[in-house]
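**Q** Below is the file data-v8.txt, which contains compact mmCIF, N, CA and C atoms.
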```txt
# COMPACT_ATOMS: atom_id res chain seq x y z
N MET A 1 69.11 -65.87 47.38
CA MET A 1 69.89 -66.11 46.17
C MET A 1 69.27 -67.30 45.43
N ARG A 2 69.12 -67.16 44.14
CA ARG A 2 68.48 -68.19 43.33
C ARG A 2 69.30 -69.48 43.30
N LYS A 3 68.61 -70.59 43.02
CA LYS A 3 69.28 -71.88 42.97
C LYS A 3 70.33 -71.94 41.87
N SER A 4 70.14 -71.20 40.79
CA SER A 4 71.11 -71.23 39.70
C SER A 4 72.44 -70.59 40.10
N TYR A 5 72.45 -69.84 41.21
CA TYR A 5 73.67 -69.21 41.71
C TYR A 5 74.35 -70.05 42.80
N ARG A 6 73.88 -71.27 43.01
CA ARG A 6 74.43 -72.08 44.10
C ARG A 6 75.14 -73.33 43.59
N VAL A 7 76.22 -73.68 44.25
CA VAL A 7 76.89 -74.97 44.04
C VAL A 7 76.24 -75.91 45.04
N LYS A 8 75.56 -76.95 44.56
CA LYS A 8 74.80 -77.81 45.45
C LYS A 8 75.31 -79.25 45.52
N LYS A 9 75.79 -79.78 44.40
CA LYS A 9 76.14 -81.20 44.35
C LYS A 9 77.51 -81.46 44.96
N GLU A 10 77.64 -82.62 45.56
CA GLU A 10 78.90 -83.02 46.20
C GLU A 10 80.04 -83.05 45.20
N ALA A 11 79.78 -83.54 43.99
CA ALA A 11 80.83 -83.62 42.96
C ALA A 11 81.32 -82.22 42.58
N GLU A 12 80.42 -81.25 42.53
CA GLU A 12 80.81 -79.87 42.21
C GLU A 12 81.65 -79.26 43.34
N PHE A 13 81.26 -79.54 44.59
CA PHE A 13 82.05 -79.09 45.74
C PHE A 13 83.46 -79.67 45.66
N GLN A 14 83.54 -80.97 45.41
CA GLN A 14 84.85 -81.64 45.37
C GLN A 14 85.72 -81.10 44.24
N LYS A 15 85.13 -80.78 43.11
CA LYS A 15 85.90 -80.23 42.01
C LYS A 15 86.51 -78.88 42.38
N VAL A 16 85.73 -78.04 43.07
CA VAL A 16 86.25 -76.74 43.51
C VAL A 16 87.36 -76.94 44.54
N PHE A 17 87.17 -77.89 45.47
CA PHE A 17 88.19 -78.15 46.50
C PHE A 17 89.49 -78.67 45.89
N THR A 18 89.38 -79.60 44.96
CA THR A 18 90.59 -80.25 44.45
C THR A 18 91.30 -79.43 43.38
N GLN A 19 90.55 -78.74 42.52
CA GLN A 19 91.16 -78.01 41.41
C GLN A 19 91.28 -76.52 41.66
N GLY A 20 90.57 -76.02 42.67
CA GLY A 20 90.55 -74.58 42.91
C GLY A 20 91.67 -74.09 43.79
N LYS A 21 91.77 -72.78 43.90
CA LYS A 21 92.74 -72.13 44.77
C LYS A 21 92.03 -71.65 46.02
N SER A 22 92.76 -71.59 47.13
CA SER A 22 92.14 -71.18 48.38
C SER A 22 92.82 -69.95 48.97
N CYS A 23 92.02 -69.17 49.66
CA CYS A 23 92.49 -68.01 50.43
C CYS A 23 91.70 -68.00 51.73
N ALA A 24 92.29 -67.43 52.78
CA ALA A 24 91.62 -67.45 54.07
C ALA A 24 91.97 -66.22 54.89
N ASN A 25 91.09 -65.89 55.82
CA ASN A 25 91.40 -64.98 56.91
C ASN A 25 90.92 -65.67 58.19
N LYS A 26 90.81 -64.97 59.30
CA LYS A 26 90.47 -65.64 60.56
C LYS A 26 89.03 -66.14 60.60
N GLN A 27 88.15 -65.56 59.78
CA GLN A 27 86.74 -65.92 59.85
C GLN A 27 86.25 -66.82 58.72
N PHE A 28 86.88 -66.75 57.53
CA PHE A 28 86.40 -67.49 56.36
C PHE A 28 87.54 -68.12 55.58
N VAL A 29 87.23 -69.20 54.86
CA VAL A 29 88.11 -69.78 53.86
C VAL A 29 87.31 -69.77 52.56
N VAL A 30 87.95 -69.36 51.46
CA VAL A 30 87.29 -69.34 50.16
C VAL A 30 88.11 -70.17 49.18
N TYR A 31 87.45 -71.13 48.53
CA TYR A 31 88.03 -71.90 47.43
C TYR A 31 87.39 -71.38 46.16
N MET A 32 88.20 -71.14 45.12
CA MET A 32 87.68 -70.56 43.88
C MET A 32 88.26 -71.28 42.68
N ILE A 33 87.41 -71.51 41.66
CA ILE A 33 87.84 -72.10 40.40
C ILE A 33 87.22 -71.28 39.26
N GLU A 34 88.04 -71.00 38.25
CA GLU A 34 87.58 -70.23 37.09
C GLU A 34 86.73 -71.14 36.18
N LYS A 35 85.67 -70.59 35.63
CA LYS A 35 84.82 -71.30 34.67
C LYS A 35 84.45 -70.31 33.57
N PRO A 36 85.29 -70.18 32.55
CA PRO A 36 85.14 -69.12 31.54
C PRO A 36 83.82 -69.11 30.78
N LYS A 37 83.21 -70.25 30.54
CA LYS A 37 82.00 -70.28 29.71
C LYS A 37 80.72 -70.16 30.55
N GLN A 38 80.86 -69.94 31.82
CA GLN A 38 79.70 -69.85 32.71
C GLN A 38 79.12 -68.44 32.68
N PRO A 39 77.78 -68.29 32.58
CA PRO A 39 77.19 -66.95 32.47
C PRO A 39 77.24 -66.12 33.75
N HIS A 40 77.24 -66.78 34.91
CA HIS A 40 77.30 -66.06 36.18
C HIS A 40 77.98 -66.92 37.24
N PHE A 41 78.39 -66.29 38.32
CA PHE A 41 79.08 -67.02 39.39
C PHE A 41 78.11 -67.98 40.09
N ARG A 42 78.70 -68.97 40.76
CA ARG A 42 77.94 -69.87 41.63
C ARG A 42 78.70 -69.96 42.94
N VAL A 43 77.98 -70.05 44.03
CA VAL A 43 78.60 -70.09 45.34
C VAL A 43 78.04 -71.25 46.16
N GLY A 44 78.92 -71.87 46.94
CA GLY A 44 78.53 -72.88 47.90
C GLY A 44 78.91 -72.38 49.28
N ILE A 45 78.08 -72.64 50.26
CA ILE A 45 78.34 -72.18 51.62
C ILE A 45 78.41 -73.40 52.52
N SER A 46 79.48 -73.45 53.32
CA SER A 46 79.67 -74.56 54.24
C SER A 46 79.87 -74.00 55.65
N VAL A 47 79.01 -74.44 56.56
CA VAL A 47 79.11 -74.02 57.96
C VAL A 47 79.09 -75.29 58.79
N GLY A 48 80.22 -75.59 59.43
CA GLY A 48 80.35 -76.84 60.18
C GLY A 48 79.73 -76.80 61.56
N LYS A 49 79.69 -77.96 62.19
CA LYS A 49 79.07 -78.09 63.51
C LYS A 49 79.84 -77.39 64.61
N LYS A 50 81.10 -77.04 64.35
CA LYS A 50 81.87 -76.31 65.36
C LYS A 50 81.34 -74.89 65.56
N ILE A 51 80.56 -74.39 64.60
CA ILE A 51 79.96 -73.05 64.70
C ILE A 51 78.93 -73.02 65.81
N GLY A 52 78.16 -74.09 65.95
CA GLY A 52 77.11 -74.13 66.97
C GLY A 52 76.00 -75.06 66.54
N ASN A 53 74.84 -74.88 67.17
CA ASN A 53 73.69 -75.72 66.84
C ASN A 53 73.10 -75.29 65.50
N ALA A 54 72.02 -75.95 65.09
CA ALA A 54 71.42 -75.69 63.78
C ALA A 54 70.95 -74.24 63.64
N VAL A 55 70.45 -73.67 64.70
CA VAL A 55 69.98 -72.28 64.66
C VAL A 55 71.15 -71.34 64.36
N ALA A 56 72.26 -71.53 65.05
CA ALA A 56 73.44 -70.68 64.84
C ALA A 56 74.01 -70.87 63.44
N ARG A 57 74.06 -72.12 62.95
CA ARG A 57 74.59 -72.37 61.61
C ARG A 57 73.72 -71.72 60.54
N ASN A 58 72.40 -71.82 60.68
CA ASN A 58 71.49 -71.19 59.73
C ASN A 58 71.59 -69.68 59.78
N TRP A 59 71.79 -69.12 60.97
CA TRP A 59 71.97 -67.67 61.12
C TRP A 59 73.19 -67.22 60.32
N VAL A 60 74.29 -67.95 60.46
CA VAL A 60 75.53 -67.61 59.75
C VAL A 60 75.32 -67.73 58.25
N LYS A 61 74.67 -68.79 57.79
CA LYS A 61 74.43 -68.96 56.34
C LYS A 61 73.57 -67.84 55.78
N ARG A 62 72.55 -67.43 56.53
CA ARG A 62 71.71 -66.32 56.06
C ARG A 62 72.51 -65.03 55.94
N ARG A 63 73.39 -64.77 56.91
CA ARG A 63 74.20 -63.54 56.87
C ARG A 63 75.19 -63.57 55.70
N ILE A 64 75.77 -64.73 55.43
CA ILE A 64 76.70 -64.86 54.29
C ILE A 64 75.94 -64.65 52.99
N ARG A 65 74.78 -65.29 52.84
CA ARG A 65 73.98 -65.13 51.62
C ARG A 65 73.55 -63.68 51.41
N GLN A 66 73.16 -63.01 52.50
CA GLN A 66 72.75 -61.61 52.40
C GLN A 66 73.92 -60.74 51.95
N SER A 67 75.10 -60.96 52.50
CA SER A 67 76.28 -60.20 52.12
C SER A 67 76.62 -60.43 50.65
N LEU A 68 76.55 -61.67 50.21
CA LEU A 68 76.85 -61.98 48.81
C LEU A 68 75.82 -61.37 47.87
N THR A 69 74.56 -61.33 48.28
CA THR A 69 73.53 -60.70 47.46
C THR A 69 73.82 -59.20 47.29
N GLU A 70 74.26 -58.55 48.37
CA GLU A 70 74.60 -57.13 48.30
C GLU A 70 75.84 -56.89 47.44
N LEU A 71 76.76 -57.86 47.42
CA LEU A 71 78.00 -57.73 46.66
C LEU A 71 77.89 -58.27 45.24
N LYS A 72 76.76 -58.78 44.86
CA LYS A 72 76.57 -59.45 43.58
C LYS A 72 77.11 -58.68 42.38
N PRO A 73 76.88 -57.36 42.24
CA PRO A 73 77.42 -56.65 41.07
C PRO A 73 78.94 -56.58 41.03
N GLN A 74 79.60 -56.70 42.18
CA GLN A 74 81.05 -56.59 42.22
C GLN A 74 81.77 -57.93 42.07
N LEU A 75 81.04 -59.03 42.11
CA LEU A 75 81.67 -60.36 42.05
C LEU A 75 81.98 -60.75 40.61
N LYS A 76 83.11 -61.47 40.43
CA LYS A 76 83.45 -62.01 39.11
C LYS A 76 82.37 -63.00 38.70
N GLN A 77 81.99 -62.95 37.44
CA GLN A 77 80.87 -63.76 36.98
C GLN A 77 81.28 -65.14 36.46
N ASP A 78 82.55 -65.33 36.12
CA ASP A 78 82.98 -66.58 35.48
C ASP A 78 83.71 -67.51 36.43
N CYS A 79 83.12 -67.75 37.61
CA CYS A 79 83.79 -68.63 38.57
C CYS A 79 82.78 -69.31 39.49
N ASP A 80 83.23 -70.39 40.09
CA ASP A 80 82.52 -71.04 41.19
C ASP A 80 83.37 -70.83 42.43
N PHE A 81 82.76 -70.56 43.56
CA PHE A 81 83.53 -70.47 44.79
C PHE A 81 82.74 -71.01 45.98
N ILE A 82 83.49 -71.47 46.96
CA ILE A 82 82.93 -72.04 48.18
C ILE A 82 83.37 -71.16 49.34
N VAL A 83 82.45 -70.79 50.19
CA VAL A 83 82.75 -70.01 51.39
C VAL A 83 82.58 -70.94 52.59
N ILE A 84 83.64 -71.09 53.38
CA ILE A 84 83.60 -71.91 54.58
C ILE A 84 83.75 -71.00 55.78
N ALA A 85 82.79 -71.07 56.69
CA ALA A 85 82.81 -70.23 57.88
C ALA A 85 83.60 -70.91 58.99
N ARG A 86 84.37 -70.11 59.72
CA ARG A 86 85.11 -70.61 60.88
C ARG A 86 84.35 -70.25 62.15
N PRO A 87 84.67 -70.90 63.28
CA PRO A 87 83.86 -70.74 64.50
C PRO A 87 83.62 -69.31 65.00
N GLY A 88 84.51 -68.38 64.83
CA GLY A 88 84.31 -67.03 65.34
C GLY A 88 83.17 -66.27 64.69
N VAL A 89 82.70 -66.71 63.56
CA VAL A 89 81.66 -66.00 62.80
C VAL A 89 80.33 -65.97 63.57
N ALA A 90 80.07 -66.96 64.39
CA ALA A 90 78.79 -67.05 65.09
C ALA A 90 78.56 -65.88 66.04
N PHE A 91 79.63 -65.21 66.46
CA PHE A 91 79.50 -64.13 67.44
C PHE A 91 79.64 -62.75 66.81
N MET A 92 79.62 -62.67 65.49
CA MET A 92 79.81 -61.40 64.80
C MET A 92 78.48 -60.81 64.35
N SER A 93 78.45 -59.49 64.21
CA SER A 93 77.26 -58.81 63.69
C SER A 93 77.22 -58.99 62.17
N THR A 94 76.10 -58.61 61.58
CA THR A 94 75.94 -58.72 60.14
C THR A 94 76.95 -57.85 59.40
N ALA A 95 77.20 -56.65 59.92
CA ALA A 95 78.17 -55.75 59.29
C ALA A 95 79.58 -56.32 59.35
N GLU A 96 79.93 -56.95 60.47
CA GLU A 96 81.25 -57.56 60.60
C GLU A 96 81.40 -58.75 59.66
N VAL A 97 80.35 -59.56 59.52
CA VAL A 97 80.38 -60.69 58.60
C VAL A 97 80.65 -60.19 57.19
N LYS A 98 79.94 -59.13 56.79
CA LYS A 98 80.12 -58.58 55.45
C LYS A 98 81.53 -58.03 55.26
N GLN A 99 82.04 -57.33 56.25
CA GLN A 99 83.38 -56.73 56.16
C GLN A 99 84.45 -57.82 56.01
N HIS A 100 84.38 -58.86 56.80
CA HIS A 100 85.36 -59.94 56.72
C HIS A 100 85.20 -60.76 55.44
N LEU A 101 83.97 -60.89 54.97
CA LEU A 101 83.73 -61.59 53.71
C LEU A 101 84.31 -60.80 52.54
N ILE A 102 84.15 -59.49 52.55
CA ILE A 102 84.76 -58.63 51.52
C ILE A 102 86.27 -58.81 51.52
N HIS A 103 86.87 -58.86 52.71
CA HIS A 103 88.32 -59.00 52.82
C HIS A 103 88.80 -60.30 52.19
N VAL A 104 88.16 -61.42 52.53
CA VAL A 104 88.62 -62.71 52.01
C VAL A 104 88.30 -62.85 50.52
N LEU A 105 87.20 -62.30 50.04
CA LEU A 105 86.90 -62.35 48.61
C LEU A 105 87.88 -61.50 47.82
N HIS A 106 88.33 -60.42 48.41
CA HIS A 106 89.36 -59.59 47.78
C HIS A 106 90.67 -60.37 47.68
N LEU A 107 91.04 -61.09 48.74
CA LEU A 107 92.26 -61.90 48.72
C LEU A 107 92.18 -63.00 47.67
N ALA A 108 90.98 -63.58 47.50
CA ALA A 108 90.79 -64.67 46.54
C ALA A 108 90.62 -64.18 45.11
N LYS A 109 90.60 -62.86 44.94
CA LYS A 109 90.43 -62.23 43.63
C LYS A 109 89.08 -62.60 42.99
N VAL A 110 88.07 -62.73 43.82
CA VAL A 110 86.71 -62.98 43.35
C VAL A 110 85.97 -61.65 43.25
N LEU A 111 86.42 -60.67 44.00
CA LEU A 111 85.79 -59.36 44.07
C LEU A 111 86.54 -58.39 43.18
N ASN A 112 85.82 -57.67 42.33
CA ASN A 112 86.44 -56.65 41.49
C ASN A 112 86.82 -55.45 42.35
N ASP A 113 88.10 -55.09 42.36
CA ASP A 113 88.61 -54.05 43.25
C ASP A 113 88.02 -52.67 42.98
N ASP A 114 87.89 -52.30 41.73
CA ASP A 114 87.53 -50.93 41.39
C ASP A 114 86.08 -50.58 41.71
N GLN A 115 85.22 -51.57 41.94
CA GLN A 115 83.82 -51.28 42.16
C GLN A 115 83.41 -51.30 43.63
N VAL A 116 84.27 -51.75 44.52
CA VAL A 116 83.95 -51.84 45.93
C VAL A 116 84.17 -50.48 46.57
N ASP A 117 83.18 -50.02 47.33
CA ASP A 117 83.33 -48.75 48.04
C ASP A 117 84.44 -48.87 49.07
N SER A 118 85.23 -47.84 49.19
CA SER A 118 86.37 -47.87 50.11
C SER A 118 85.91 -47.95 51.56
N ASP A 119 84.70 -47.45 51.87
CA ASP A 119 84.22 -47.51 53.25
C ASP A 119 83.76 -48.90 53.65
N LEU A 120 83.58 -49.82 52.70
CA LEU A 120 83.20 -51.20 53.02
C LEU A 120 84.39 -52.06 53.36
N ARG A 121 85.60 -51.65 53.02
CA ARG A 121 86.78 -52.47 53.29
C ARG A 121 87.21 -52.39 54.70
```
Turn this file's structure into structure tokens for me.
**A**
Amino acid sequence: MRKSYRVKKEAEFQKVFTQGKSCANKQFVVYMIEKPKQPHFRVGISVGKKIGNAVARNWVKRRIRQSLTELKPQLKQDCDFIVIARPGVAFMSTAEVKQHLIHVLHLAKVLNDDQVDSDLR
């Protein structure tokens, strides 16, 4: 995913945390804030040390980024959101990561309902 699609700065993360809305399931927490004048969505990924060592954390981040890249056409374009992984994610397959990510993005209203294939839910 290109750098222009990422929330990188601490101040931007804090703005999403403090002003945004949150939704969660057992594997992920998503904070989302609307940004009407923004041309495309931006995402920040946070994977804490409770997930595992650096190898495990990077594995989880790669799987989340891959899932978001596949879901890119279905995501709302005028928002910033942060995806926070919970400890159980380290033991899931790529398909399970994507399935649970779709679920939490649907709850957060970041994912457009009508464009998601029913077999992915």
**Q** Taking the backbone alone, and naming residues the way the document does, which bits of chain A are alpha helix (DSSP H) by DSSP, as a ChimeraX atom specification?
**A** /A:10-19,54-71,94-107
**Q** What separation in Å, quoted to one decimal, exists between atom C of A:Leu111 and atom N of A:Gln74?
**A**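 It comes out at 7.2 Å.
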**Q** Which residue out of A:Lys50, A:Lys21, A:His100, A:Lys3 has the minimum interatomic distance to A:Glu34 when all atoms listed in the file are used?
**A**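 Under the stated criterion, the closest residue is A:Lys21.
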**Q** Nearest residue to A:Cys79 out of A:Ser46, A:Val104, A:Asn58, A:Phe41, using all atoms listed in the file?
**A**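 Checking each candidate against A:Cys79, we get A:Phe41 as the closest.
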**Q** If we count all atoms listed in the file, what is near A:Pro36 at a cut-off of 8 Å, once residues fewer than 5 positions away on the same chain are taken out, given as a compact mmCIF listing (two decimals) with N, CA and C atoms, keeping the file's coordinate frame?
**A**
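Contents of around_9.txt, as written:
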```
# COMPACT_ATOMS: atom_id res chain seq x y z
N GLN A 77 81.99 -62.95 37.44
CA GLN A 77 80.87 -63.76 36.98
C GLN A 77 81.28 -65.14 36.46
N ASP A 78 82.55 -65.33 36.12
CA ASP A 78 82.98 -66.58 35.48
C ASP A 78 83.71 -67.51 36.43
N CYS A 79 83.12 -67.75 37.61
CA CYS A 79 83.79 -68.63 38.57
C CYS A 79 82.78 -69.31 39.49
N ASP A 80 83.23 -70.39 40.09
CA ASP A 80 82.52 -71.04 41.19
C ASP A 80 83.37 -70.83 42.43
```
